[in-house]
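Okay, upload25.cif is below, mmCIF, C-alpha atoms and all ligand atoms:
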data_upload
loop_
_atom_site.label_atom_id
_atom_site.label_comp_id
_atom_site.auth_asym_id
_atom_site.auth_seq_id
_atom_site.Cartn_x
_atom_site.Cartn_y
_atom_site.Cartn_z
CA MET A 1 28.81 -83.98 -60.65
CA ILE A 2 28.13 -80.31 -59.94
CA LEU A 3 29.36 -80.77 -56.36
CA SER A 4 32.62 -82.39 -57.38
CA LYS A 5 33.28 -79.56 -59.85
CA LEU A 6 32.81 -77.05 -57.05
CA ILE A 7 35.12 -78.88 -54.66
CA ASN A 8 37.90 -79.15 -57.22
CA LYS A 9 37.67 -75.42 -57.76
CA ALA A 10 37.63 -74.57 -54.03
CA PRO A 11 39.70 -71.48 -53.21
CA LYS A 12 43.24 -72.28 -52.09
CA THR A 13 44.23 -69.04 -50.37
CA PHE A 14 42.34 -66.93 -47.86
CA ASN A 15 42.89 -63.82 -45.86
CA THR A 16 43.47 -65.00 -42.30
CA THR A 17 43.99 -61.67 -40.55
CA ARG A 18 40.39 -60.67 -39.95
CA LYS A 19 37.70 -61.79 -37.51
CA PRO A 20 36.40 -65.35 -37.80
CA ILE A 21 33.58 -65.58 -40.31
CA ALA A 22 30.26 -67.41 -40.01
CA LEU A 23 28.21 -68.20 -43.12
CA ILE A 24 24.54 -68.39 -42.14
CA THR A 25 21.78 -69.46 -44.52
CA GLY A 26 18.27 -68.16 -43.88
CA ALA A 27 19.77 -65.15 -42.10
CA SER A 28 17.03 -62.72 -43.08
CA SER A 29 14.50 -63.93 -40.51
CA GLY A 30 13.77 -66.01 -37.40
CA ILE A 31 16.39 -68.39 -36.05
CA GLY A 32 18.94 -67.55 -38.77
CA GLN A 33 18.65 -63.84 -38.05
CA ALA A 34 18.99 -64.47 -34.31
CA LEU A 35 22.04 -66.66 -34.96
CA SER A 36 23.56 -63.88 -37.06
CA TYR A 37 23.14 -61.47 -34.14
CA HIS A 38 24.54 -64.02 -31.72
CA PHE A 39 27.61 -64.89 -33.78
CA ALA A 40 28.24 -61.16 -34.33
CA SER A 41 27.97 -60.51 -30.59
CA LYS A 42 30.68 -63.17 -30.07
CA GLY A 43 33.12 -61.47 -32.44
CA TYR A 44 32.30 -62.98 -35.83
CA ASP A 45 31.87 -61.33 -39.19
CA ILE A 46 28.92 -62.83 -41.04
CA VAL A 47 28.10 -63.94 -44.57
CA THR A 48 24.31 -63.72 -44.70
CA VAL A 49 22.47 -65.85 -47.26
CA ALA A 50 18.75 -65.55 -48.07
CA ARG A 51 16.55 -64.13 -50.84
CA ASP A 52 15.38 -60.92 -49.18
CA ASN A 53 18.19 -58.48 -49.98
CA GLN A 54 16.51 -55.53 -48.24
CA ARG A 55 16.25 -57.37 -44.93
CA LEU A 56 19.83 -58.57 -45.23
CA GLN A 57 21.00 -54.99 -45.84
CA GLU A 58 19.12 -53.84 -42.71
CA ILE A 59 20.79 -56.60 -40.66
CA LYS A 60 24.15 -55.56 -42.09
CA SER A 61 23.69 -51.97 -40.86
CA ILE A 62 22.54 -53.10 -37.42
CA LEU A 63 25.39 -55.57 -36.88
CA LEU A 64 27.99 -53.05 -37.99
CA ALA A 65 26.61 -50.41 -35.62
CA LYS A 66 26.01 -52.77 -32.70
CA TYR A 67 28.97 -55.15 -32.81
CA ASN A 68 31.33 -53.61 -35.38
CA SER A 69 30.78 -56.78 -37.40
CA GLN A 70 31.31 -56.81 -41.11
CA VAL A 71 28.35 -58.42 -42.88
CA TYR A 72 28.72 -59.75 -46.41
CA VAL A 73 25.31 -59.96 -48.05
CA CYS A 74 24.80 -62.79 -50.52
CA ALA A 75 21.17 -62.56 -51.66
CA VAL A 76 20.38 -65.79 -53.42
CA ASP A 77 17.45 -68.16 -53.92
CA LEU A 78 18.64 -71.54 -52.69
CA THR A 79 16.06 -73.39 -54.76
CA LYS A 80 17.97 -72.37 -57.89
CA SER A 81 20.47 -74.90 -59.25
CA ASN A 82 23.21 -72.24 -59.63
CA SER A 83 22.85 -70.92 -56.06
CA ILE A 84 25.88 -72.78 -54.67
CA GLN A 85 28.04 -71.59 -57.54
CA ILE A 86 26.89 -68.01 -56.79
CA ILE A 87 27.86 -68.42 -53.11
CA LYS A 88 31.20 -69.97 -54.00
CA ASP A 89 32.00 -67.18 -56.48
CA PHE A 90 30.98 -64.65 -53.83
CA LEU A 91 33.38 -66.16 -51.26
CA ILE A 92 36.22 -66.18 -53.77
CA HIS A 93 35.49 -62.61 -54.88
CA GLU A 94 35.44 -61.36 -51.26
CA ASN A 95 38.38 -63.62 -50.32
CA LEU A 96 36.49 -65.10 -47.37
CA GLU A 97 37.47 -68.09 -45.29
CA ILE A 98 34.53 -69.67 -43.47
CA ASN A 99 35.20 -70.64 -39.86
CA ALA A 100 31.59 -71.50 -38.99
CA LEU A 101 28.82 -72.75 -41.27
CA VAL A 102 25.17 -72.60 -40.22
CA ASN A 103 22.82 -74.60 -42.43
CA ASN A 104 19.55 -73.05 -41.31
CA ALA A 105 17.45 -71.95 -44.31
CA GLY A 106 14.24 -73.86 -44.61
CA PHE A 107 10.51 -73.85 -44.88
CA GLY A 108 7.74 -76.33 -44.23
CA ILE A 109 4.84 -77.73 -46.21
CA HIS A 110 1.64 -78.93 -44.57
CA GLY A 111 -0.90 -81.35 -45.98
CA SER A 112 -1.57 -84.93 -46.96
CA PHE A 113 1.12 -86.06 -49.36
CA GLU A 114 -1.35 -86.62 -52.23
CA GLU A 115 -2.47 -82.98 -51.90
CA THR A 116 0.87 -81.18 -51.50
CA ASP A 117 2.74 -79.70 -54.44
CA LEU A 118 5.61 -81.88 -55.66
CA ASN A 119 7.66 -78.96 -57.01
CA SER A 120 7.47 -77.16 -53.65
CA GLU A 121 8.63 -80.35 -51.94
CA ILE A 122 11.54 -80.70 -54.34
CA ASP A 123 12.39 -77.04 -53.63
CA MET A 124 12.30 -77.81 -49.91
CA ILE A 125 14.71 -80.73 -50.38
CA GLN A 126 16.95 -78.46 -52.45
CA VAL A 127 17.01 -75.75 -49.74
CA GLN A 128 17.34 -78.01 -46.72
CA ILE A 129 19.31 -81.01 -47.95
CA ASN A 130 21.13 -80.30 -51.23
CA THR A 131 22.28 -76.87 -50.05
CA THR A 132 23.48 -78.27 -46.73
CA LEU A 133 25.47 -80.99 -48.47
CA ALA A 134 26.98 -78.64 -51.04
CA LEU A 135 27.95 -75.90 -48.58
CA THR A 136 29.40 -78.45 -46.17
CA LYS A 137 31.50 -80.00 -48.97
CA LEU A 138 32.64 -76.51 -49.89
CA VAL A 139 33.91 -75.47 -46.45
CA LEU A 140 34.99 -78.81 -44.97
CA PRO A 141 38.37 -79.26 -46.75
CA MET A 142 39.59 -75.88 -45.50
CA MET A 143 38.34 -76.61 -41.96
CA GLN A 144 40.09 -80.01 -42.03
CA THR A 145 43.34 -78.43 -43.20
CA LYS A 146 43.17 -75.89 -40.39
CA LYS A 147 42.00 -78.54 -37.89
CA SER A 148 39.30 -76.16 -36.70
CA GLY A 149 35.75 -75.28 -37.64
CA TYR A 150 32.11 -75.22 -36.58
CA ILE A 151 29.07 -76.56 -38.43
CA LEU A 152 25.55 -76.05 -37.09
CA ASN A 153 22.77 -77.90 -38.90
CA VAL A 154 19.27 -76.79 -38.02
CA GLY A 155 17.02 -79.81 -37.70
CA SER A 156 13.92 -79.98 -35.53
CA VAL A 157 12.30 -82.05 -32.82
CA TYR A 158 10.69 -83.62 -35.89
CA SER A 159 14.11 -85.06 -36.73
CA PHE A 160 13.27 -87.77 -34.21
CA ALA A 161 9.89 -88.95 -35.55
CA PRO A 162 7.79 -89.34 -38.67
CA VAL A 163 5.49 -86.34 -39.11
CA PRO A 164 2.11 -87.05 -40.68
CA PHE A 165 0.86 -84.12 -42.80
CA GLN A 166 4.44 -82.77 -42.96
CA SER A 167 5.92 -86.00 -44.28
CA VAL A 168 8.63 -84.56 -46.53
CA TYR A 169 9.57 -81.85 -44.03
CA GLY A 170 9.94 -84.47 -41.27
CA ALA A 171 12.00 -86.69 -43.58
CA CYS A 172 14.30 -83.76 -44.41
CA LYS A 173 14.85 -83.08 -40.73
CA SER A 174 15.58 -86.77 -40.00
CA PHE A 175 18.11 -86.73 -42.85
CA LEU A 176 19.80 -83.66 -41.38
CA LEU A 177 20.06 -85.24 -37.93
CA SER A 178 21.55 -88.47 -39.26
CA PHE A 179 23.94 -86.61 -41.58
CA SER A 180 24.98 -84.21 -38.85
CA ASN A 181 25.74 -86.97 -36.33
CA SER A 182 27.87 -88.90 -38.83
CA LEU A 183 29.69 -85.74 -39.88
CA ALA A 184 30.43 -84.96 -36.22
CA PHE A 185 32.00 -88.39 -35.74
CA GLU A 186 34.06 -88.28 -38.94
CA ASN A 187 35.43 -84.82 -38.18
CA LYS A 188 36.19 -85.15 -34.50
CA LYS A 189 39.79 -86.02 -35.34
CA TYR A 190 40.10 -82.70 -37.19
CA GLY A 191 38.87 -80.67 -34.22
CA ILE A 192 35.74 -79.68 -36.16
CA LYS A 193 32.60 -79.39 -34.08
CA VAL A 194 29.28 -80.36 -35.67
CA THR A 195 25.95 -79.86 -33.92
CA ALA A 196 22.38 -80.64 -34.95
CA LEU A 197 20.18 -77.92 -33.46
CA CYS A 198 16.71 -79.41 -33.03
CA PRO A 199 14.19 -76.77 -31.92
CA GLY A 200 10.50 -77.21 -31.29
CA ILE A 201 7.97 -74.53 -32.16
CA THR A 202 9.79 -71.21 -32.27
CA GLN A 203 8.45 -67.67 -32.63
CA THR A 204 9.38 -67.02 -36.25
CA GLU A 205 7.62 -66.62 -39.57
CA PHE A 206 8.02 -70.34 -40.19
CA ARG A 207 4.51 -71.57 -39.38
CA MET A 208 2.76 -68.81 -41.25
CA ARG A 209 4.97 -69.28 -44.28
CA SER A 210 4.46 -73.03 -44.21
CA ASN A 211 0.71 -72.74 -43.95
CA VAL A 212 0.13 -70.21 -46.70
CA GLY A 213 2.79 -71.74 -48.96
CA ARG A 214 6.09 -70.11 -49.82
CA HIS A 215 4.95 -68.86 -53.21
CA LYS A 216 1.73 -67.28 -51.97
CA ILE A 217 3.13 -64.79 -49.44
CA SER A 218 2.06 -61.38 -50.67
CA ASN A 219 1.28 -59.56 -47.44
CA LYS A 220 4.27 -59.54 -45.06
CA LYS A 221 2.29 -57.38 -42.62
CA SER A 222 -0.11 -60.20 -41.91
CA ILE A 223 2.87 -62.49 -41.25
CA LYS A 224 4.33 -60.02 -38.76
CA ASN A 225 0.98 -59.63 -36.98
CA SER A 226 0.45 -63.36 -36.39
CA LYS A 227 0.44 -64.38 -32.72
CA PRO A 228 3.77 -65.96 -31.70
CA THR A 229 3.99 -69.27 -29.84
CA GLY A 230 6.91 -71.34 -28.59
CA MET A 231 10.43 -70.28 -27.62
CA SER A 232 11.93 -67.07 -28.92
CA ALA A 233 14.35 -67.28 -31.83
CA GLU A 234 16.98 -65.59 -29.62
CA GLN A 235 16.72 -68.34 -26.95
CA VAL A 236 17.05 -71.04 -29.61
CA ALA A 237 20.01 -69.26 -31.21
CA GLU A 238 21.83 -68.80 -27.92
CA GLN A 239 21.39 -72.45 -26.93
CA GLY A 240 22.41 -73.61 -30.40
CA TYR A 241 25.52 -71.44 -30.36
CA ASN A 242 26.54 -72.60 -26.86
CA ALA A 243 26.05 -76.27 -27.78
CA LEU A 244 28.13 -75.80 -30.94
CA MET A 245 30.99 -74.18 -29.04
CA LYS A 246 30.89 -76.99 -26.46
CA GLY A 247 30.90 -79.63 -29.18
CA ASP A 248 27.52 -81.15 -28.32
CA ILE A 249 26.35 -83.40 -31.14
CA ILE A 250 22.68 -82.57 -30.58
CA ALA A 251 21.07 -79.49 -29.05
CA ILE A 252 17.38 -79.54 -28.16
CA PRO A 253 16.42 -76.16 -26.71
CA GLY A 254 13.74 -76.12 -24.00
CA LEU A 255 12.57 -78.70 -21.45
CA THR A 256 9.25 -79.40 -23.20
CA ASN A 257 11.06 -80.15 -26.44
CA ARG A 258 13.52 -82.45 -24.67
CA ILE A 259 10.61 -84.33 -23.07
CA PHE A 260 8.92 -84.59 -26.48
CA VAL A 261 12.07 -86.13 -27.96
CA GLN A 262 12.48 -88.53 -25.03
CA ILE A 263 8.92 -89.78 -25.53
CA ALA A 264 9.22 -89.94 -29.31
CA THR A 265 12.42 -91.96 -29.17
CA HIS A 266 10.95 -94.45 -26.70
CA LEU A 267 7.54 -95.04 -28.28
CA PRO A 268 7.09 -98.18 -30.39
CA THR A 269 7.28 -97.37 -34.12
CA SER A 270 3.69 -98.55 -34.59
CA LEU A 271 2.46 -95.78 -32.24
CA LEU A 272 4.75 -92.94 -33.37
CA SER A 273 2.79 -91.55 -36.32
CA SER A 274 -0.62 -91.75 -34.67
CA SER A 275 0.72 -90.17 -31.46
CA LEU A 276 2.36 -87.30 -33.33
CA ALA A 277 -0.76 -86.68 -35.44
CA LEU A 278 -2.79 -86.57 -32.22
CA VAL A 279 -0.38 -84.18 -30.49
CA ASN A 280 -0.23 -81.88 -33.53
CA ASN A 281 -4.04 -81.83 -33.85
CA PHE A 282 -4.24 -80.90 -30.17
CA ARG A 283 -1.63 -78.14 -30.57
CA GLY A 284 -3.33 -76.79 -33.68
CA VAL A 285 -0.19 -77.42 -35.76
CA ASN A 286 -2.21 -79.13 -38.46
CA SER A 287 -4.76 -76.31 -38.71
CA LYS A 288 -4.23 -73.70 -41.44
CA HIS A 289 -3.88 -69.94 -40.90
CA THR A 290 -5.34 -69.06 -44.29
N1 LIG B 1 10.03 -71.95 -36.27
C1 LIG B 1 9.89 -73.19 -35.88
O1 LIG B 1 8.90 -73.54 -35.20
C2 LIG B 1 10.95 -74.21 -36.22
C3 LIG B 1 10.98 -75.42 -35.49
C4 LIG B 1 11.96 -76.36 -35.79
C5 LIG B 1 12.88 -76.12 -36.79
N2 LIG B 1 12.82 -74.95 -37.50
C6 LIG B 1 13.80 -74.76 -38.56
O2 LIG B 1 14.50 -73.54 -38.35
C7 LIG B 1 15.02 -73.09 -39.59
C8 LIG B 1 14.75 -71.59 -39.70
O3 LIG B 1 13.36 -71.37 -39.76
P1 LIG B 1 12.66 -70.17 -38.98
O4 LIG B 1 11.78 -70.76 -37.97
O5 LIG B 1 13.64 -69.17 -38.57
O6 LIG B 1 11.69 -69.64 -40.15
P2 LIG B 1 11.64 -68.25 -40.95
O7 LIG B 1 11.52 -67.11 -40.02
O8 LIG B 1 10.57 -68.47 -41.97
O9 LIG B 1 13.07 -68.16 -41.67
C9 LIG B 1 13.39 -68.99 -42.76
C10 LIG B 1 14.65 -68.47 -43.41
O10 LIG B 1 14.97 -69.34 -44.51
C11 LIG B 1 15.18 -68.54 -45.67
N3 LIG B 1 14.76 -69.22 -46.89
C12 LIG B 1 13.60 -69.87 -47.11
N4 LIG B 1 13.55 -70.27 -48.39
C13 LIG B 1 14.71 -69.86 -48.98
C14 LIG B 1 15.24 -69.94 -50.29
N5 LIG B 1 14.55 -70.52 -51.29
N6 LIG B 1 16.44 -69.39 -50.55
C15 LIG B 1 17.14 -68.77 -49.57
N7 LIG B 1 16.68 -68.65 -48.30
C16 LIG B 1 15.48 -69.19 -48.02
C17 LIG B 1 14.31 -67.29 -45.45
O11 LIG B 1 14.85 -66.18 -46.17
P3 LIG B 1 14.17 -65.43 -47.42
O12 LIG B 1 12.70 -65.55 -47.32
O13 LIG B 1 14.70 -64.03 -47.32
O14 LIG B 1 14.73 -66.15 -48.61
C18 LIG B 1 14.48 -67.07 -43.95
O15 LIG B 1 15.64 -66.31 -43.70
C19 LIG B 1 14.36 -73.93 -40.68
O16 LIG B 1 15.27 -74.89 -41.13
C20 LIG B 1 13.22 -74.61 -39.95
O17 LIG B 1 12.89 -75.83 -40.53
C21 LIG B 1 11.88 -73.99 -37.23
#

Spit out the file's structure as structure tokens when you get a sec.
Amino acid sequence: MILSKLINKAPKTFNTTRKPIALITGASSGIGQALSYHFASKGYDIVTVARDNQRLQEIKSILLAKYNSQVYVCAVDLTKSNSIQIIKDFLIHENLEINALVNNAGFGIHGSFEETDLNSEIDMIQVQINTTLALTKLVLPMMQTKKSGYILNVGSVYSFAPVPFQSVYGACKSFLLSFSNSLAFENKKYGIKVTALCPGITQTEFRMRSNVGRHKISNKKSIKNSKPTGMSAEQVAEQGYNALMKGDIIAIPGLTNRIFVQIATHLPTSLLSSSLALVNNFRGVNSKHT
């Protein structure tokens, strides 16, 4: 209902004389921040979406100085039901046409399902799934009219398997992969490229935030001081960007991650959950940082 209202009110006219514009959710940190830098380095202006206005303003100054990219800061909490309306109003107010959409914002929740907080899980679905659907519906008609556009949906290697102790997170990522692949097929005839970027463990704030819980972060210093593991956010962003430009339907950065996905997609279903739980226990993914 809310979505259909938004689509009917989609802006009809845009300024088409400026640089192409990428709207990136979760641009304040990690993979989203790295993607903002990467798109800017390739000649895009950026609409950055996340809650942390101060970080977004810092990124704006850096991208202007480094790449002469205009950054439009839209500080919004995507768990809020009016967040899409705020973004839509912002785009209309700034007269912005979106050429590339990156659905990246997200967070994880660890724990047995009976122990995890339902409201946090509903927030996670709102940020990862509802926002992705709503933003895609918002930009797609214009991309189809122009017969051009790019949509990058950030999934995970967990898109390919059930994930015990991150059950809702894993289900969100599977949803995103399935949605992304179908969207890619439907929109091929319009020249719109849609890629599911499926990283493995990446050096961002993600794991620390997931382990302490999104609402409990009070000391950002301790987040910054945590020891990084996995690929760098810049490597993931570069590979995601390249795959999107090529029109790859799925991008899995890193050989280890590609091997993981190959194994996961060939294991019998009966062994998938137990194997993944074992691997994650071995890697310390299921242990808490608190
Ligand atoms: N890091 C990994 O190991 C890994 C692996 C596979 C997939 N991924 C996926 O990669 C994506 C990016 O994560 P990351 O690793 O870069 O983690 P990150 O450093 O924690 O960044 C998460 C981003 O999402 C934004 N965000 C979270 N909740 C939000 C909300 N309620 N409203 C608006 N923005 C919100 C955060 O911004 P604010 O806090 O400023 O709001 C931040 O910019 C996620 O979808 C994640 O699932 C990560």

Six-sided padding of 5 Å per side, axis-aligned box over ligand LIG 1 (chain B), centre and edges in Å, one decimal, as lines of an AutoDock Vina configuration file:
center_x = 13.0
center_y = -70.2
center_z = -43.2
size_x = 18.2
size_y = 22.3
size_z = 26.1

Report task. Measuring atom to atom with all atoms listed in the file, identify which of A:Asn68, A:Ser81, A:Ser167, A:Ser180 is nearest to Gly108 in chain A. Result -> A:Ser167

Requested in this report: Let me have all residues with an atom within 8 Å of ligand LIG 1 (chain B), counting all atoms listed in the file, laid out as a ChimeraX atom specification.
Outcome: /A:25-33,49-53,55-56,75-80,103-108,123-124,127-128,154-158,169,173,198-210,214,230,233

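Remark: for Lys193 in chain A, the closest of the candidate residues A:Val168, A:Ala264, A:Ile151, A:Ile86 is A:Ile151 (distances computed over only C-alpha atoms).
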
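A straight line drawn from CA of Gln144 in chain A to CA of Lys88 in chain A is 18.0 Å long.
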
Requested in this report: Determine the nearest neighbour of His38 in chain A from the options A:Ile21, A:Phe282, A:Gln54, A:Ala237, counting all atoms listed in the file.
Outcome: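 Of A:Ile21, A:Phe282, A:Gln54, A:Ala237, the one nearest His38 in chain A, counting all atoms listed in the file, is A:Ala237.
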
Please supply range 73-84 of chain A, rebuilt with all heavy atoms, as a CSV table (one decimal), in the frame of the given file.
chain,number,residue,atom,x,y,z
A,73,VAL,N,26.7,-59.5,-47.6
A,73,VAL,CA,25.3,-60.0,-48.0
A,73,VAL,C,25.4,-60.7,-49.4
A,73,VAL,O,25.8,-60.2,-50.4
A,73,VAL,CB,24.4,-58.7,-48.2
A,73,VAL,CG1,23.1,-59.1,-48.8
A,73,VAL,CG2,24.2,-58.1,-46.9
A,74,CYS,N,24.9,-62.0,-49.3
A,74,CYS,CA,24.8,-62.8,-50.5
A,74,CYS,C,23.3,-63.2,-50.7
A,74,CYS,O,22.9,-64.2,-50.2
A,74,CYS,CB,25.7,-64.0,-50.4
A,74,CYS,SG,25.7,-65.1,-51.8
A,75,ALA,N,22.6,-62.3,-51.5
A,75,ALA,CA,21.2,-62.6,-51.7
A,75,ALA,C,21.0,-63.6,-52.8
A,75,ALA,O,21.3,-63.3,-53.9
A,75,ALA,CB,20.5,-61.2,-52.0
A,76,VAL,N,20.5,-64.7,-52.4
A,76,VAL,CA,20.4,-65.8,-53.4
A,76,VAL,C,19.2,-66.7,-53.1
A,76,VAL,O,18.9,-66.9,-51.9
A,76,VAL,CB,21.7,-66.6,-53.5
A,76,VAL,CG1,22.0,-67.3,-52.2
A,76,VAL,CG2,21.7,-67.6,-54.6
A,77,ASP,N,18.6,-67.2,-54.1
A,77,ASP,CA,17.4,-68.2,-53.9
A,77,ASP,C,18.0,-69.6,-54.0
A,77,ASP,O,18.5,-70.0,-55.0
A,77,ASP,CB,16.4,-68.0,-55.0
A,77,ASP,CG,15.2,-68.9,-54.9
A,77,ASP,OD1,15.3,-69.8,-54.0
A,77,ASP,OD2,14.2,-68.7,-55.5
A,78,LEU,N,18.0,-70.2,-52.8
A,78,LEU,CA,18.6,-71.5,-52.7
A,78,LEU,C,17.9,-72.7,-53.4
A,78,LEU,O,18.4,-73.8,-53.5
A,78,LEU,CB,18.8,-71.9,-51.2
A,78,LEU,CG,19.8,-71.0,-50.4
A,78,LEU,CD1,19.8,-71.3,-48.9
A,78,LEU,CD2,21.2,-71.1,-51.0
A,79,THR,N,16.7,-72.4,-53.9
A,79,THR,CA,16.1,-73.4,-54.8
A,79,THR,C,16.7,-73.5,-56.2
A,79,THR,O,16.5,-74.4,-56.9
A,79,THR,CB,14.5,-73.1,-54.9
A,79,THR,OG1,14.4,-71.9,-55.6
A,79,THR,CG2,13.8,-73.1,-53.6
A,80,LYS,N,17.4,-72.4,-56.5
A,80,LYS,CA,18.0,-72.4,-57.9
A,80,LYS,C,19.2,-73.2,-58.0
A,80,LYS,O,20.1,-73.2,-57.1
A,80,LYS,CB,18.3,-70.9,-58.3
A,80,LYS,CG,17.2,-70.0,-58.2
A,80,LYS,CD,16.2,-70.2,-59.3
A,80,LYS,CE,15.0,-69.2,-59.3
A,80,LYS,NZ,13.7,-69.8,-59.3
A,81,SER,N,19.4,-73.9,-59.1
A,81,SER,CA,20.5,-74.9,-59.2
A,81,SER,C,21.8,-74.2,-59.3
A,81,SER,O,22.8,-74.9,-58.9
A,81,SER,CB,20.3,-75.7,-60.5
A,81,SER,OG,20.2,-74.9,-61.6
A,82,ASN,N,21.9,-72.9,-59.6
A,82,ASN,CA,23.2,-72.2,-59.6
A,82,ASN,C,23.5,-71.5,-58.3
A,82,ASN,O,24.5,-70.8,-58.2
A,82,ASN,CB,23.3,-71.2,-60.8
A,82,ASN,CG,22.3,-70.1,-60.6
A,82,ASN,OD1,21.4,-70.2,-59.8
A,82,ASN,ND2,22.4,-69.1,-61.4
A,83,SER,N,22.7,-71.7,-57.3
A,83,SER,CA,22.8,-70.9,-56.1
A,83,SER,C,24.2,-71.2,-55.4
A,83,SER,O,24.8,-70.3,-54.9
A,83,SER,CB,21.7,-71.2,-55.1
A,83,SER,OG,21.6,-72.5,-54.8
A,84,ILE,N,24.6,-72.5,-55.4
A,84,ILE,CA,25.9,-72.8,-54.7
A,84,ILE,C,27.1,-72.2,-55.4
A,84,ILE,O,28.0,-71.7,-54.8
A,84,ILE,CB,26.1,-74.3,-54.5
A,84,ILE,CG1,24.9,-74.9,-53.7
A,84,ILE,CG2,27.4,-74.7,-53.9
A,84,ILE,CD1,24.8,-74.4,-52.3
